[in-house]
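Okay, model00.cif is below, mmCIF, C-alpha atoms, pLDDT in the B column; chains and numbers go by the auth columns:
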data_upload
#
loop_
_atom_site.group_PDB
_atom_site.id
_atom_site.type_symbol
_atom_site.label_atom_id
_atom_site.label_comp_id
_atom_site.label_asym_id
_atom_site.label_seq_id
_atom_site.Cartn_x
_atom_site.Cartn_y
_atom_site.Cartn_z
_atom_site.B_iso_or_equiv
_atom_site.auth_seq_id
_atom_site.auth_asym_id
ATOM 1 C CA MET A 1 119.824 -34.462 206.641 55.00 111 A
ATOM 2 C CA ARG A 2 123.486 -35.370 206.990 47.00 112 A
ATOM 3 C CA GLY A 3 124.979 -32.788 204.628 52.00 113 A
ATOM 4 C CA ARG A 4 124.139 -29.437 203.070 42.00 114 A
ATOM 5 C CA LEU A 5 124.208 -27.790 199.682 39.00 115 A
ATOM 6 C CA ALA A 6 126.248 -24.623 199.369 33.00 116 A
ATOM 7 C CA GLY A 7 124.561 -22.542 196.900 33.00 117 A
ATOM 8 C CA ALA A 8 124.908 -53.244 180.156 28.00 118 A
ATOM 9 C CA VAL A 9 125.094 -54.535 183.805 29.00 119 A
ATOM 10 C CA THR A 10 122.141 -55.688 185.879 30.00 120 A
ATOM 11 C CA ALA A 11 121.487 -55.509 189.598 34.00 121 A
ATOM 12 C CA GLY A 12 122.872 -58.355 191.631 36.00 122 A
ATOM 13 C CA VAL A 13 126.468 -57.930 190.456 39.00 123 A
ATOM 14 C CA VAL A 14 129.472 -56.188 191.933 43.00 124 A
ATOM 15 C CA VAL A 15 130.907 -53.424 189.777 45.00 125 A
ATOM 16 C CA CYS A 16 134.572 -54.200 190.395 41.00 126 A
ATOM 17 C CA LEU A 17 137.767 -54.590 188.434 33.00 127 A
ATOM 18 C CA ALA A 18 140.152 -55.085 191.332 34.00 128 A
ATOM 19 C CA VAL A 19 140.345 -55.256 195.093 32.00 129 A
ATOM 20 C CA ALA A 20 139.219 -52.341 197.241 37.00 130 A
ATOM 21 C CA ALA A 21 140.961 -49.715 199.339 39.00 131 A
ATOM 22 C CA ALA A 22 142.206 -50.304 202.847 38.00 132 A
ATOM 23 C CA ALA A 23 139.865 -49.516 205.728 38.00 133 A
ATOM 24 C CA GLY A 24 140.118 -48.852 209.467 38.00 134 A
ATOM 25 C CA THR A 25 139.291 -46.321 212.144 33.00 135 A
ATOM 26 C CA ALA A 26 140.947 -42.953 211.649 32.00 136 A
ATOM 27 C CA SER A 27 143.652 -41.993 214.111 30.00 137 A
ATOM 28 C CA GLY A 28 142.248 -39.520 216.570 30.00 138 A
ATOM 29 C CA SER A 29 138.592 -40.346 215.836 30.00 139 A
ATOM 30 C CA PRO A 30 136.301 -42.319 218.145 31.00 140 A
ATOM 31 C CA ALA A 31 136.861 -46.053 218.026 32.00 141 A
ATOM 32 C CA ALA A 32 134.155 -47.961 216.163 34.00 142 A
ATOM 33 C CA ALA A 33 131.735 -49.638 218.535 35.00 143 A
ATOM 34 C CA GLY A 34 130.388 -53.134 218.170 37.00 144 A
ATOM 35 C CA PRO A 35 131.558 -55.957 215.906 35.00 145 A
ATOM 36 C CA GLN A 36 134.128 -55.122 213.300 36.00 146 A
ATOM 37 C CA PRO A 37 134.011 -56.197 209.651 34.00 147 A
ATOM 38 C CA PRO A 38 136.808 -58.368 208.277 33.00 148 A
ATOM 39 C CA ALA A 39 140.087 -56.694 207.431 36.00 149 A
ATOM 40 C CA ALA A 40 140.063 -55.083 204.004 38.00 150 A
ATOM 41 C CA ALA A 41 141.991 -56.314 201.020 35.00 151 A
ATOM 42 C CA PRO A 42 145.069 -54.354 199.933 34.00 152 A
ATOM 43 C CA ALA A 43 144.459 -51.114 198.080 40.00 153 A
ATOM 44 C CA HIS A 44 143.952 -51.287 194.325 44.00 154 A
ATOM 45 C CA ARG A 45 147.024 -50.393 192.261 45.00 155 A
ATOM 46 C CA THR A 46 149.119 -48.917 195.097 46.00 156 A
ATOM 47 C CA ALA A 47 149.238 -49.388 198.857 45.00 157 A
ATOM 48 C CA ALA A 48 148.044 -46.601 201.109 50.00 158 A
ATOM 49 C CA PRO A 49 150.709 -44.592 202.965 55.00 159 A
ATOM 50 C CA THR A 50 151.154 -45.492 206.595 53.00 160 A
ATOM 51 C CA GLY A 51 148.994 -43.469 208.953 73.00 161 A
ATOM 52 C CA VAL A 52 146.042 -42.807 206.614 86.00 162 A
ATOM 53 C CA ALA A 53 143.284 -45.084 207.817 89.00 163 A
ATOM 54 C CA TRP A 54 140.717 -44.367 205.099 93.00 164 A
ATOM 55 C CA PRO A 55 142.660 -43.247 202.016 95.00 165 A
ATOM 56 C CA ALA A 56 139.771 -43.737 199.570 96.00 166 A
ATOM 57 C CA VAL A 57 137.239 -41.839 201.721 97.00 167 A
ATOM 58 C CA GLY A 58 137.345 -38.067 201.742 97.00 168 A
ATOM 59 C CA ALA A 59 135.660 -34.798 202.567 96.00 169 A
ATOM 60 C CA ILE A 60 133.898 -32.590 200.029 96.00 170 A
ATOM 61 C CA PHE A 61 134.578 -28.852 200.224 94.00 171 A
ATOM 62 C CA ASP A 62 133.358 -25.764 198.451 92.00 172 A
ATOM 63 C CA ALA A 63 136.154 -24.905 196.041 90.00 173 A
ATOM 64 C CA ASP A 64 136.313 -21.366 197.422 86.00 174 A
ATOM 65 C CA ASP A 65 137.009 -22.725 200.904 83.00 175 A
ATOM 66 C CA VAL A 66 140.290 -24.375 199.919 85.00 176 A
ATOM 67 C CA GLY A 67 142.979 -21.722 199.617 75.00 177 A
ATOM 68 C CA PRO A 68 146.781 -21.771 199.367 73.00 178 A
ATOM 69 C CA ALA A 69 146.995 -22.873 202.995 70.00 179 A
ATOM 70 C CA GLY A 70 144.936 -25.966 202.200 75.00 180 A
ATOM 71 C CA PRO A 71 141.538 -27.182 203.381 83.00 181 A
ATOM 72 C CA ALA A 72 140.066 -26.105 206.707 79.00 182 A
ATOM 73 C CA ALA A 73 137.878 -28.370 208.812 76.00 183 A
ATOM 74 C CA ASP A 74 135.040 -25.855 208.916 80.00 184 A
ATOM 75 C CA GLY A 75 134.829 -25.855 205.109 86.00 185 A
ATOM 76 C CA HIS A 76 133.710 -29.397 204.341 92.00 186 A
ATOM 77 C CA PHE A 77 130.024 -30.253 204.166 93.00 187 A
ATOM 78 C CA CYS A 78 129.723 -33.789 202.734 95.00 188 A
ATOM 79 C CA SER A 79 131.687 -37.001 202.317 96.00 189 A
ATOM 80 C CA GLY A 80 132.502 -39.336 199.429 98.00 190 A
ATOM 81 C CA ALA A 81 134.559 -42.354 198.406 98.00 191 A
ATOM 82 C CA VAL A 82 136.654 -43.405 195.431 97.00 192 A
ATOM 83 C CA VAL A 83 135.003 -46.129 193.360 96.00 193 A
ATOM 84 C CA ASP A 84 137.041 -48.703 191.465 96.00 194 A
ATOM 85 C CA THR A 85 136.611 -47.910 187.746 95.00 195 A
ATOM 86 C CA PRO A 86 138.720 -48.410 184.599 94.00 196 A
ATOM 87 C CA ALA A 87 139.808 -44.765 184.507 96.00 197 A
ATOM 88 C CA GLY A 88 140.337 -44.595 188.270 96.00 198 A
ATOM 89 C CA ASP A 89 138.890 -41.081 188.521 97.00 199 A
ATOM 90 C CA THR A 90 135.420 -41.570 190.019 98.00 200 A
ATOM 91 C CA VAL A 91 133.969 -40.665 193.424 98.00 201 A
ATOM 92 C CA VAL A 92 130.541 -41.616 194.789 98.00 202 A
ATOM 93 C CA THR A 93 128.565 -39.357 197.110 97.00 203 A
ATOM 94 C CA ALA A 94 124.933 -38.440 197.824 96.00 204 A
ATOM 95 C CA ALA A 95 122.975 -36.604 195.137 96.00 205 A
ATOM 96 C CA HIS A 96 121.746 -34.060 197.686 94.00 206 A
ATOM 97 C CA CYS A 97 125.366 -33.025 198.240 95.00 207 A
ATOM 98 C CA VAL A 98 125.590 -31.707 194.672 95.00 208 A
ATOM 99 C CA ALA A 99 122.021 -30.943 193.523 94.00 209 A
ATOM 100 C CA ASP A 100 118.972 -29.379 195.163 91.00 210 A
ATOM 101 C CA GLY A 101 116.436 -31.539 193.360 91.00 211 A
ATOM 102 C CA ASP A 102 114.456 -28.520 192.171 92.00 212 A
ATOM 103 C CA GLY A 103 115.246 -28.671 188.461 93.00 213 A
ATOM 104 C CA THR A 104 118.612 -26.918 188.680 92.00 214 A
ATOM 105 C CA PRO A 105 121.731 -28.721 187.424 91.00 215 A
ATOM 106 C CA ALA A 106 124.305 -30.418 189.622 93.00 216 A
ATOM 107 C CA ARG A 107 127.120 -28.202 190.787 88.00 217 A
ATOM 108 C CA THR A 108 130.802 -28.836 190.119 86.00 218 A
ATOM 109 C CA ASP A 109 132.329 -25.889 192.031 92.00 219 A
ATOM 110 C CA ILE A 110 133.476 -28.319 194.706 95.00 220 A
ATOM 111 C CA VAL A 111 136.590 -30.333 195.484 96.00 221 A
ATOM 112 C CA PHE A 112 137.283 -33.748 196.985 97.00 222 A
ATOM 113 C CA VAL A 113 140.043 -34.281 199.552 96.00 223 A
ATOM 114 C CA PRO A 114 140.741 -38.007 200.058 96.00 224 A
ATOM 115 C CA GLY A 115 142.192 -39.118 203.365 95.00 225 A
ATOM 116 C CA TYR A 116 141.682 -35.665 204.888 93.00 226 A
ATOM 117 C CA HIS A 117 142.764 -35.466 208.530 91.00 227 A
ATOM 118 C CA ASP A 118 144.053 -32.856 210.956 88.00 228 A
ATOM 119 C CA GLY A 119 143.937 -30.140 208.305 88.00 229 A
ATOM 120 C CA ILE A 120 146.152 -32.201 205.981 90.00 230 A
ATOM 121 C CA ALA A 121 145.368 -33.266 202.402 93.00 231 A
ATOM 122 C CA PRO A 122 147.736 -36.253 202.126 93.00 232 A
ATOM 123 C CA PHE A 123 146.812 -37.004 198.495 94.00 233 A
ATOM 124 C CA GLY A 124 146.135 -33.445 197.406 93.00 234 A
ATOM 125 C CA VAL A 125 142.964 -31.567 196.489 94.00 235 A
ATOM 126 C CA TRP A 126 140.974 -32.962 193.551 96.00 236 A
ATOM 127 C CA THR A 127 138.762 -30.805 191.364 95.00 237 A
ATOM 128 C CA VAL A 128 135.328 -32.096 190.375 96.00 238 A
ATOM 129 C CA ARG A 129 135.277 -31.975 186.569 95.00 239 A
ATOM 130 C CA ASP A 130 132.026 -33.729 185.804 95.00 240 A
ATOM 131 C CA SER A 131 129.086 -35.280 187.641 95.00 241 A
ATOM 132 C CA ALA A 132 126.270 -37.758 187.079 96.00 242 A
ATOM 133 C CA VAL A 133 122.962 -37.401 188.948 97.00 243 A
ATOM 134 C CA ASP A 134 119.773 -39.225 188.014 96.00 244 A
ATOM 135 C CA GLN A 135 117.341 -36.898 186.250 96.00 245 A
ATOM 136 C CA ARG A 136 114.591 -37.973 188.646 95.00 246 A
ATOM 137 C CA TRP A 137 116.630 -36.579 191.530 94.00 247 A
ATOM 138 C CA LEU A 138 117.410 -33.394 189.616 96.00 248 A
ATOM 139 C CA ASP A 139 113.715 -32.851 188.862 96.00 249 A
ATOM 140 C CA ASP A 140 112.133 -33.499 192.253 93.00 250 A
ATOM 141 C CA ALA A 141 114.626 -34.990 194.745 92.00 251 A
ATOM 142 C CA ASP A 142 113.427 -38.600 194.526 93.00 252 A
ATOM 143 C CA PRO A 143 114.882 -40.128 197.745 91.00 253 A
ATOM 144 C CA ASP A 144 115.273 -43.513 196.048 91.00 254 A
ATOM 145 C CA LEU A 145 117.922 -41.977 193.782 94.00 255 A
ATOM 146 C CA ASP A 146 120.035 -40.007 196.234 95.00 256 A
ATOM 147 C CA VAL A 147 123.345 -41.114 194.708 96.00 257 A
ATOM 148 C CA ALA A 148 125.794 -39.133 192.567 97.00 258 A
ATOM 149 C CA PHE A 149 129.072 -39.913 190.833 98.00 259 A
ATOM 150 C CA LEU A 150 131.837 -37.350 190.328 98.00 260 A
ATOM 151 C CA THR A 151 134.792 -37.348 187.964 97.00 261 A
ATOM 152 C CA VAL A 152 137.791 -35.791 189.695 97.00 262 A
ATOM 153 C CA GLY A 153 141.249 -34.734 188.567 96.00 263 A
ATOM 154 C CA ARG A 154 144.301 -32.790 189.641 95.00 264 A
ATOM 155 C CA ASP A 155 146.780 -30.969 187.393 92.00 265 A
ATOM 156 C CA GLY A 156 149.956 -32.962 186.927 92.00 266 A
ATOM 157 C CA ALA A 157 148.595 -36.057 188.650 92.00 267 A
ATOM 158 C CA GLY A 158 147.469 -39.439 187.389 94.00 268 A
ATOM 159 C CA PRO A 159 144.191 -41.071 188.408 96.00 269 A
ATOM 160 C CA ILE A 160 143.170 -40.597 192.030 97.00 270 A
ATOM 161 C CA GLU A 161 142.730 -44.341 192.415 96.00 271 A
ATOM 162 C CA ASP A 162 146.438 -44.890 191.805 94.00 272 A
ATOM 163 C CA LEU A 163 147.044 -43.075 195.087 94.00 273 A
ATOM 164 C CA THR A 164 144.087 -44.020 197.251 95.00 274 A
ATOM 165 C CA GLY A 165 142.704 -47.304 195.982 94.00 275 A
ATOM 166 C CA GLY A 166 139.024 -47.676 195.208 96.00 276 A
ATOM 167 C CA TYR A 167 136.044 -49.574 196.583 96.00 277 A
ATOM 168 C CA ALA A 168 133.882 -52.003 194.672 94.00 278 A
ATOM 169 C CA LEU A 169 130.297 -50.858 194.172 92.00 279 A
ATOM 170 C CA SER A 170 127.834 -53.566 195.224 90.00 280 A
ATOM 171 C CA ALA A 171 124.434 -53.292 193.548 86.00 281 A
ATOM 172 C CA ASP A 172 121.392 -55.169 194.890 74.00 282 A
ATOM 173 C CA SER A 173 122.847 -55.356 198.385 63.00 283 A
ATOM 174 C CA GLY A 174 120.034 -57.477 199.800 67.00 284 A
ATOM 175 C CA ASP A 175 119.074 -56.792 203.393 70.00 285 A
ATOM 176 C CA GLY A 176 122.213 -54.838 204.271 76.00 286 A
ATOM 177 C CA GLY A 177 123.883 -56.858 207.018 90.00 287 A
ATOM 178 C CA LEU A 178 126.942 -55.740 208.968 93.00 288 A
ATOM 179 C CA VAL A 179 128.284 -52.448 207.632 93.00 289 A
ATOM 180 C CA GLN A 180 130.810 -49.842 208.613 95.00 290 A
ATOM 181 C CA VAL A 181 129.893 -46.267 207.744 94.00 291 A
ATOM 182 C CA VAL A 182 132.661 -43.728 207.168 96.00 292 A
ATOM 183 C CA GLY A 183 132.081 -40.000 206.978 95.00 293 A
ATOM 184 C CA TYR A 184 133.289 -36.562 208.008 94.00 294 A
ATOM 185 C CA PRO A 185 131.158 -34.644 210.511 93.00 295 A
ATOM 186 C CA GLU A 186 130.966 -30.929 209.755 91.00 296 A
ATOM 187 C CA GLY A 187 133.840 -29.111 211.432 89.00 297 A
ATOM 188 C CA ALA A 188 135.737 -32.316 212.239 91.00 298 A
ATOM 189 C CA ASP A 189 139.376 -32.961 211.403 91.00 299 A
ATOM 190 C CA ASP A 190 138.928 -36.725 211.173 92.00 300 A
ATOM 191 C CA PRO A 191 136.259 -39.136 209.942 94.00 301 A
ATOM 192 C CA VAL A 192 134.039 -41.276 212.125 93.00 302 A
ATOM 193 C CA ALA A 193 133.559 -44.958 211.287 94.00 303 A
ATOM 194 C CA PRO A 194 130.813 -46.644 213.350 93.00 304 A
ATOM 195 C CA THR A 195 129.607 -50.166 212.635 93.00 305 A
ATOM 196 C CA GLY A 196 126.145 -51.665 212.832 93.00 306 A
ATOM 197 C CA PHE A 197 123.624 -53.945 211.163 93.00 307 A
ATOM 198 C CA ALA A 198 121.771 -52.342 208.269 92.00 308 A
ATOM 199 C CA THR A 199 118.260 -53.534 207.447 88.00 309 A
ATOM 200 C CA ARG A 200 115.854 -52.906 204.607 88.00 310 A
ATOM 201 C CA PHE A 201 113.581 -49.904 205.131 86.00 311 A
ATOM 202 C CA GLY A 202 110.975 -50.725 202.514 81.00 312 A
ATOM 203 C CA PRO A 203 112.036 -51.922 199.063 84.00 313 A
ATOM 204 C CA THR A 204 114.224 -48.926 198.196 86.00 314 A
ATOM 205 C CA GLN A 205 116.112 -47.869 201.331 91.00 315 A
ATOM 206 C CA LEU A 206 118.586 -49.209 203.884 92.00 316 A
ATOM 207 C CA ARG A 207 118.310 -48.215 207.553 92.00 317 A
ATOM 208 C CA LEU A 208 120.927 -48.191 210.308 91.00 318 A
ATOM 209 C CA VAL A 209 120.093 -47.613 213.972 92.00 319 A
ATOM 210 C CA GLY A 210 122.544 -46.317 216.562 82.00 320 A
ATOM 211 C CA ALA A 211 125.341 -45.143 214.257 80.00 321 A
ATOM 212 C CA ASP A 212 125.236 -41.577 215.646 82.00 322 A
ATOM 213 C CA LEU A 213 126.048 -39.946 212.301 84.00 323 A
ATOM 214 C CA PRO A 214 126.023 -36.123 212.486 79.00 324 A
ATOM 215 C CA GLY A 215 125.721 -33.569 209.701 83.00 325 A
ATOM 216 C CA GLY A 216 128.497 -33.683 207.115 85.00 326 A
ATOM 217 C CA THR A 217 128.567 -37.472 206.836 91.00 327 A
ATOM 218 C CA SER A 218 126.146 -37.462 203.874 92.00 328 A
ATOM 219 C CA GLY A 219 127.626 -39.284 200.910 95.00 329 A
ATOM 220 C CA GLY A 220 129.943 -41.381 203.065 95.00 330 A
ATOM 221 C CA PRO A 221 130.140 -45.075 202.111 96.00 331 A
ATOM 222 C CA TRP A 222 128.352 -47.947 203.844 93.00 332 A
ATOM 223 C CA LEU A 223 130.995 -50.670 203.581 94.00 333 A
ATOM 224 C CA ARG A 224 130.396 -54.387 203.718 92.00 334 A
ATOM 225 C CA GLY A 225 133.460 -56.411 204.641 91.00 335 A
ATOM 226 C CA GLY A 226 135.581 -53.279 204.389 90.00 336 A
ATOM 227 C CA THR A 227 135.730 -53.597 200.597 91.00 337 A
ATOM 228 C CA ARG A 228 132.303 -53.072 199.021 93.00 338 A
ATOM 229 C CA ILE A 229 130.013 -50.050 199.036 95.00 339 A
ATOM 230 C CA VAL A 230 126.393 -51.114 199.568 93.00 340 A
ATOM 231 C CA GLY A 231 125.063 -47.572 200.053 93.00 341 A
ATOM 232 C CA VAL A 232 125.980 -43.974 200.813 94.00 342 A
ATOM 233 C CA THR A 233 124.483 -41.936 203.630 92.00 343 A
ATOM 234 C CA GLY A 234 121.414 -40.242 202.160 90.00 344 A
ATOM 235 C CA GLY A 235 118.078 -41.331 200.719 75.00 345 A
ATOM 236 C CA TYR A 236 115.095 -41.053 203.047 75.00 346 A
ATOM 237 C CA GLN A 237 115.172 -37.688 204.845 78.00 347 A
ATOM 238 C CA GLU A 238 118.491 -37.142 203.021 62.00 348 A
ATOM 239 C CA GLY A 239 120.095 -39.566 205.445 52.00 349 A
ATOM 240 C CA GLY A 240 117.932 -38.924 208.503 58.00 350 A
ATOM 241 C CA VAL A 241 116.950 -36.066 210.764 65.00 351 A
ATOM 242 C CA SER A 242 118.132 -37.838 213.928 71.00 352 A
ATOM 243 C CA GLN A 243 121.720 -38.923 214.531 70.00 353 A
ATOM 244 C CA ASP A 244 120.411 -42.180 215.966 81.00 354 A
ATOM 245 C CA VAL A 245 118.796 -43.427 212.738 88.00 355 A
ATOM 246 C CA SER A 246 120.469 -43.163 209.335 86.00 356 A
ATOM 247 C CA TYR A 247 119.410 -44.117 205.821 90.00 357 A
ATOM 248 C CA ALA A 248 120.846 -44.884 202.404 90.00 358 A
ATOM 249 C CA SER A 249 119.251 -45.362 199.000 88.00 359 A
ATOM 250 C CA HIS A 250 119.384 -49.021 197.986 85.00 360 A
ATOM 251 C CA LEU A 251 121.924 -49.430 195.184 90.00 361 A
ATOM 252 C CA ASP A 252 120.465 -51.217 192.162 91.00 362 A
ATOM 253 C CA ALA A 253 120.472 -51.337 188.358 92.00 363 A
ATOM 254 C CA ASP A 254 119.682 -47.605 188.212 93.00 364 A
ATOM 255 C CA THR A 255 122.888 -46.929 190.151 94.00 365 A
ATOM 256 C CA VAL A 256 124.949 -49.021 187.744 94.00 366 A
ATOM 257 C CA THR A 257 123.378 -47.268 184.764 95.00 367 A
ATOM 258 C CA LEU A 258 124.148 -43.887 186.306 96.00 368 A
ATOM 259 C CA LEU A 259 127.783 -44.824 186.868 96.00 369 A
ATOM 260 C CA ALA A 260 128.050 -45.925 183.248 96.00 370 A
ATOM 261 C CA THR A 261 127.142 -42.420 182.071 94.00 371 A
ATOM 262 C CA LEU A 262 130.582 -41.339 183.325 92.00 372 A
ATOM 263 C CA THR A 263 132.642 -44.494 182.856 90.00 373 A
ATOM 264 C CA GLY A 264 131.007 -46.248 179.917 81.00 374 A
ATOM 265 C CA PRO A 265 129.463 -49.748 179.967 74.00 375 A
#
Would you mind writing the file out in structure tokens?
Amino acid sequence: MRGRLAGAVTAGVVVCLAVAAAAGTASGSPAAAGPQPPAAAPAHRTAAPTGVAWPAVGAIFDADDVGPAGPAADGHFCSGAVVDTPAGDTVVTAAHCVADGDGTPARTDIVFVPGYHDGIAPFGVWTVRDSAVDQRWLDDADPDLDVAFLTVGRDGAGPIEDLTGGYALSADSGDGGLVQVVGYPEGADDPVAPTGFATRFGPTQLRLVGADLPGGTSGGPWLRGGTRIVGVTGGYQEGGVSQDVSYASHLDADTVTLLATLTGP
């Protein structure tokens, strides 16, 4: 388990209206090992400020843990990423980051901090205003559906995507291939971003060996080519019980349908 709880489009297409957010290895975090994916396209709508390596990836905090002084590293428990949508206000994460899968509803008493690093929220703190989780996860934690979408906003601000850019969501991602996984370990001030070759783990999961993803990275994006999300850390064993082997639910038509419940068809 990589994170904790506190308290009409068909598969085979890319859900994308524009190019994706910039990507790289965060300053101060371990350098990504192995082959690197191609350089990302420019950020959607606006360019990322200099010095923020992963503007569209962020840490998820309990709302009560973000006070006037800003977010603290020991307060975040999961990761997420901005998805390119018409409204520009949507974040993808793992379902187990927001719902227990025991029949209780998804929680929204959380906030998303994109580009978080060194105790700084360079794009502000974004309140989760709505969420979409597949009913089959809500009822009994189906690991094939460990994906959630969040609508976020901030008083006096426009869409989050105007500031951070947003990644394309790639449904029916085949056998995985070369990916870079970005996420925030619990207690860390910067994200990690290892690379590796993802493979199919049965018909419904992706598997990545050797990424060394610790707790807190749940919900972080698995990026192909630096621009497309082919999975988020979660799924089988809620992302894995060993840091050496990680998992993600395979994104498919169910994922696209779930996204449409927030964004429309």
Applied to the shown file, which residues does the PyMOL selection byres ((chain A and resi 293) around 8) return, written as a PDB file with C-alpha atoms, keeping the file's coordinate frame?
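File written: expr-v3.pdb
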ATOM      1  CA  VAL A 167     137.239 -41.839 201.721  1.00 97.00           C
ATOM      2  CA  GLY A 168     137.345 -38.067 201.742  1.00 97.00           C
ATOM      3  CA  ALA A 169     135.660 -34.798 202.567  1.00 96.00           C
ATOM      4  CA  CYS A 188     129.723 -33.789 202.734  1.00 95.00           C
ATOM      5  CA  SER A 189     131.687 -37.001 202.317  1.00 96.00           C
ATOM      6  CA  GLY A 190     132.502 -39.336 199.429  1.00 98.00           C
ATOM      7  CA  VAL A 291     129.893 -46.267 207.744  1.00 94.00           C
ATOM      8  CA  VAL A 292     132.661 -43.728 207.168  1.00 96.00           C
ATOM      9  CA  TYR A 294     133.289 -36.562 208.008  1.00 94.00           C
ATOM     10  CA  PRO A 295     131.158 -34.644 210.511  1.00 93.00           C
ATOM     11  CA  PRO A 301     136.259 -39.136 209.942  1.00 94.00           C
ATOM     12  CA  VAL A 302     134.039 -41.276 212.125  1.00 93.00           C
ATOM     13  CA  ALA A 303     133.559 -44.958 211.287  1.00 94.00           C
ATOM     14  CA  GLY A 326     128.497 -33.683 207.115  1.00 85.00           C
ATOM     15  CA  THR A 327     128.567 -37.472 206.836  1.00 91.00           C
ATOM     16  CA  SER A 328     126.146 -37.462 203.874  1.00 92.00           C
ATOM     17  CA  GLY A 329     127.626 -39.284 200.910  1.00 95.00           C
ATOM     18  CA  GLY A 330     129.943 -41.381 203.065  1.00 95.00           C
ATOM     19  CA  PRO A 331     130.140 -45.075 202.111  1.00 96.00           C
TER      20      PRO A 331
END
Spatial neighbours of region 172-175 of chain A, max dist 7 Å, all atoms listed in the file, sep filter under 4 positions, as a PDB file with C-alpha atoms, in the coordinates of the input:
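out.pdb, freshly written:
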ATOM      1  CA  PRO A 181     141.538 -27.182 203.381  1.00 83.00           C
ATOM      2  CA  GLY A 185     134.829 -25.855 205.109  1.00 86.00           C
ATOM      3  CA  HIS A 186     133.710 -29.397 204.341  1.00 92.00           C
ATOM      4  CA  ASP A 219     132.329 -25.889 192.031  1.00 92.00           C
ATOM      5  CA  ILE A 220     133.476 -28.319 194.706  1.00 95.00           C
ATOM      6  CA  VAL A 221     136.590 -30.333 195.484  1.00 96.00           C
TER       7      VAL A 221
END
Please provide the set of residues having any atom within 7 Å of Gly345 (chain A), restricted to all atoms listed in the file, with same-chain residues fewer than 6 positions apart removed, written as a PDB file with C-alpha atoms, keeping the file's coordinate frame.
ATOM      1  CA  PRO A 253     114.882 -40.128 197.745  1.00 91.00           C
ATOM      2  CA  ASP A 254     115.273 -43.513 196.048  1.00 91.00           C
ATOM      3  CA  LEU A 255     117.922 -41.977 193.782  1.00 94.00           C
ATOM      4  CA  ASP A 256     120.035 -40.007 196.234  1.00 95.00           C
ATOM      5  CA  GLN A 315     116.112 -47.869 201.331  1.00 91.00           C
ATOM      6  CA  TYR A 357     119.410 -44.117 205.821  1.00 90.00           C
ATOM      7  CA  ALA A 358     120.846 -44.884 202.404  1.00 90.00           C
ATOM      8  CA  SER A 359     119.251 -45.362 199.000  1.00 88.00           C
TER       9      SER A 359
END
Can you tell me how far CA of Ile170 (chain A) sits from CA of Thr203 (chain A), in Å to one decimal?
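So the answer is 9.1 Å.
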Could you give me, as a JSON list (two decimals) with C-alpha atoms, in the frame of the given file, the residues that have an atom at most 6 Å away from the point (126.1, -48.8, 195.6) in the coordinates of the file, using only C-alpha atoms?
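What follows is the written file out-v1.json:
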[["chain", "number", "residue", "atom", "x", "y", "z"],
["A", 279, "LEU", "CA", 130.30, -50.86, 194.17],
["A", 280, "SER", "CA", 127.83, -53.57, 195.22],
["A", 281, "ALA", "CA", 124.43, -53.29, 193.55],
["A", 339, "ILE", "CA", 130.01, -50.05, 199.04],
["A", 340, "VAL", "CA", 126.39, -51.11, 199.57],
["A", 341, "GLY", "CA", 125.06, -47.57, 200.05],
["A", 361, "LEU", "CA", 121.92, -49.43, 195.18]]
In Å, with one decimal, what is the gap from CA of Leu323 (chain A) to CA of Val243 (chain A)?
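These atoms are spaced 23.7 Å apart.
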Rank A:Pro324, A:Asp265, A:Glu271, A:Arg334 by their smallest atom-to-atom distance to Gly287 (chain A), using only C-alpha atoms, and report the top residue only.
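Smallest separation from Gly287 (chain A) among the options: A:Arg334.
Nearest residue to Ala163 (chain A) among A:Ser241, A:Gln353, A:Thr200, A:Thr274 is A:Thr274, counting only C-alpha atoms.
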Please indicate the distance in Å from CA of Phe171 (chain A) to CA of Val223 (chain A), rounded to one decimal place.
7.7 Å
Give me the residues near Gly320 (chain A) as an mmCIF file with C-alpha atoms, in the coordinates of the input, where near means some atom within 9 Å (using all atoms listed in the file) and where sequence neighbours in that chain fewer than 4 positions away do not count.
data_model
loop_
_atom_site.group_PDB
_atom_site.id
_atom_site.type_symbol
_atom_site.label_atom_id
_atom_site.label_comp_id
_atom_site.auth_asym_id
_atom_site.auth_seq_id
_atom_site.Cartn_x
_atom_site.Cartn_y
_atom_site.Cartn_z
ATOM 1 C CA PRO A 304 130.813 -46.644 213.350
ATOM 2 C CA THR A 305 129.607 -50.166 212.635
ATOM 3 C CA GLY A 306 126.145 -51.665 212.832
ATOM 4 C CA GLN A 353 121.720 -38.923 214.531
ATOM 5 C CA ASP A 354 120.411 -42.180 215.966
ATOM 6 C CA VAL A 355 118.796 -43.427 212.738
ATOM 7 C CA SER A 356 120.469 -43.163 209.335
#
Just want the 12 Å neighbourhood of Leu368 (chain A), counted on all atoms listed in the file, with same-chain residues fewer than 5 positions away dropped. Output as a compact mmCIF listing (two decimals) with C-alpha atoms, in the coordinates of the input.
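Saved to around-v5.txt:
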# COMPACT_ATOMS: atom_id res chain seq x y z
CA ALA A 118 124.91 -53.24 180.16
CA VAL A 119 125.09 -54.54 183.80
CA THR A 120 122.14 -55.69 185.88
CA VAL A 202 130.54 -41.62 194.79
CA ALA A 205 122.98 -36.60 195.14
CA SER A 241 129.09 -35.28 187.64
CA ALA A 242 126.27 -37.76 187.08
CA VAL A 243 122.96 -37.40 188.95
CA ASP A 244 119.77 -39.22 188.01
CA GLN A 245 117.34 -36.90 186.25
CA ARG A 246 114.59 -37.97 188.65
CA TRP A 247 116.63 -36.58 191.53
CA LEU A 255 117.92 -41.98 193.78
CA ASP A 256 120.04 -40.01 196.23
CA VAL A 257 123.34 -41.11 194.71
CA ALA A 258 125.79 -39.13 192.57
CA PHE A 259 129.07 -39.91 190.83
CA LEU A 260 131.84 -37.35 190.33
CA ALA A 281 124.43 -53.29 193.55
CA LEU A 361 121.92 -49.43 195.18
CA ASP A 362 120.46 -51.22 192.16
CA ALA A 363 120.47 -51.34 188.36
CA THR A 373 132.64 -44.49 182.86
CA GLY A 374 131.01 -46.25 179.92
CA PRO A 375 129.46 -49.75 179.97
